[in-house]
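Engineer: Take this structure first; my questions come after.
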Amino acid sequence: LVALARAGLGLRGASMLCAAAALVLAFAASSRARTHREPEPSAARIALAVSVGFAAIVAASYLANRFLIVRSDAWYHGCVVSDILERGMPPMEPGFPDVPIRYMWFYHAFNAAWKELSGLSVFPALAVFNVVNAFAFPYLMARLAAVFFSERRFILATALLAVVGLESATWILWPLTFARAFTGEIRGMAEVARIARAVELDNAGVIEFLRSSWTWMVSTPDKHFTITAFSYALNLFVFAFLTARDAAFGARSPVKRLLSLLVAMIGALFFHVIVGAALLASAAGAALLALAARATRRSSPLPRREIAALLGASALTLAAGVPYLRSLVGGGDGGAGLGGYFHIGLTNVLTIAVPLLVLFPASRRAARALAPSGLDGWML
């Protein structure tokens, strides 16, 4: 799309050509899939109800309160889309005259094309894209869960918990806040009283006081309501791992699996660098750990083809992404650096792992089952 638009076709011409090519490829893939159709997990089919319900909630919220499609990050994203529609690609920074953009902008290019094809105005076009991603997310999570579980209740629970988000449960660590009563200038009951006065239950401040130290309590549903590239990149993240773990697809079409994995990883990186970087690190890390297990234990939780697909897709994604990443940080000259795009650390682990293990018995049973299997089981 970007190459065709910059080659002289214009955004509308490039959009129409890309849309036609996508339809042809989708038709060819669906025709091929009918020949090699595998039964879809029944629980994953039922999870479609969760997808429809979640997408309907997002859409109804937009219709009931139009402010939702322009609030928060939406105003900035709408401005970048408008800049692409007016001046082409790459866009400039909307807040400053003649300053190259330092924000990942492929999301905006895609939505500018979608706006041209749909005939919608900018913000409704962005909102429709969010609704589509809200529909896809629970279903993709159910399909991924079906790779590891056969029990319908676990698959359905995964779809439901994915919508809510485990990080929303970090309130279980809130009592640790009272440890402040033993340190600092103000201690004892005076500090306990101050903490108690900060409790807010009737406004948006609730998310602030419930977040304890070393955690980051955010709202996963808000990522689907807020106009942002995060929801689409998150779907690509799940799709990439679903593709990597599809043994039947890999055995039947190893090249197609590699291409599917590559498209998902590049898409995640170009649409949202933070999610894409996490996906790249996870895929390459899983492959390297599996290679280490094969070298030291003569066995591996991942087959050779899967390791090769992960390493190949990671290497190609990094190679394709370097020029784009350099442009985002100013080519090393006056840019902000890549550090702001990497959100991988202990805070994320505590935010997700602690609620998972404390609140959900199934996760504790899984941990106990993995313990005897050693390194191979934990890497799987």
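Each chain of the structure tokens is named A, B, ... in the order shown, its residues numbered from 1; ligands are numbered from 1 in display order.
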DSSP on the backbone: what in region 20-203 of chain A comes out helix (DSSP H, G or I), as a PyMOL selection string?

Structural biologist: chain A and resi 20-35+42-46+48-64+66-69+74-87+106-118+122-148+152-164+166-182+189-197

Engineer: Counting only C-alpha atoms, figure out which residue out of A:Ile101, A:Leu85, A:Leu302, A:Ala292 gets nearest to Val122 (chain A).

Structural biologist: A:Leu85

Engineer: Have a look at A:Ala295, A:Val50, A:Ala146, A:Ile227 and name the one nearest to His108 (chain A); count only C-alpha atoms.

Structural biologist: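 With only C-alpha atoms as the atom set, the closest residue is A:Ile227.
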
Engineer: Would you please work out which residue, of A:Ser82, A:Thr215, A:Thr351, A:Ser282, is nearest to Ala113 (chain A) when using only C-alpha atoms?

Structural biologist: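 Ranked by minimum distance to Ala113 (chain A), first place goes to A:Ser82.
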
Engineer: Between CA of Arg152 (chain A) and CA of Phe135 (chain A), what is the spacing in Å?

Structural biologist: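 Between these atoms lies a distance of 19.8 Å.
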
Engineer: With only C-alpha atoms as the basis for distance, which of A:Val349, A:Leu120, A:Ala112, A:Val164 is at the shortest distance from Arg87 (chain A)?

Structural biologist: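 Residue with the minimum atom-to-atom distance to Arg87 (chain A): A:Ala112.
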
Engineer: Between CA of Met92 (chain A) and CA of Trp105 (chain A), what distance in Å does the model show, to one decimal?

Structural biologist: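 Atom-to-atom, CA of Met92 (chain A) and CA of Trp105 (chain A) are spaced 9.8 Å apart.
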
Engineer: Find the residue from A:Ala278, A:Lys223, A:Leu328, A:Phe271 that sits nearest to Ala109 (chain A); use only C-alpha atoms when measuring.

Structural biologist: A:Phe271

Engineer: Quick one: pull the distance between CA of Lys256 (chain A) and CA of Thr243 (chain A), Å, one decimal.

Structural biologist: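 According to the coordinates, CA of Lys256 (chain A) and CA of Thr243 (chain A) are separated by 10.0 Å.
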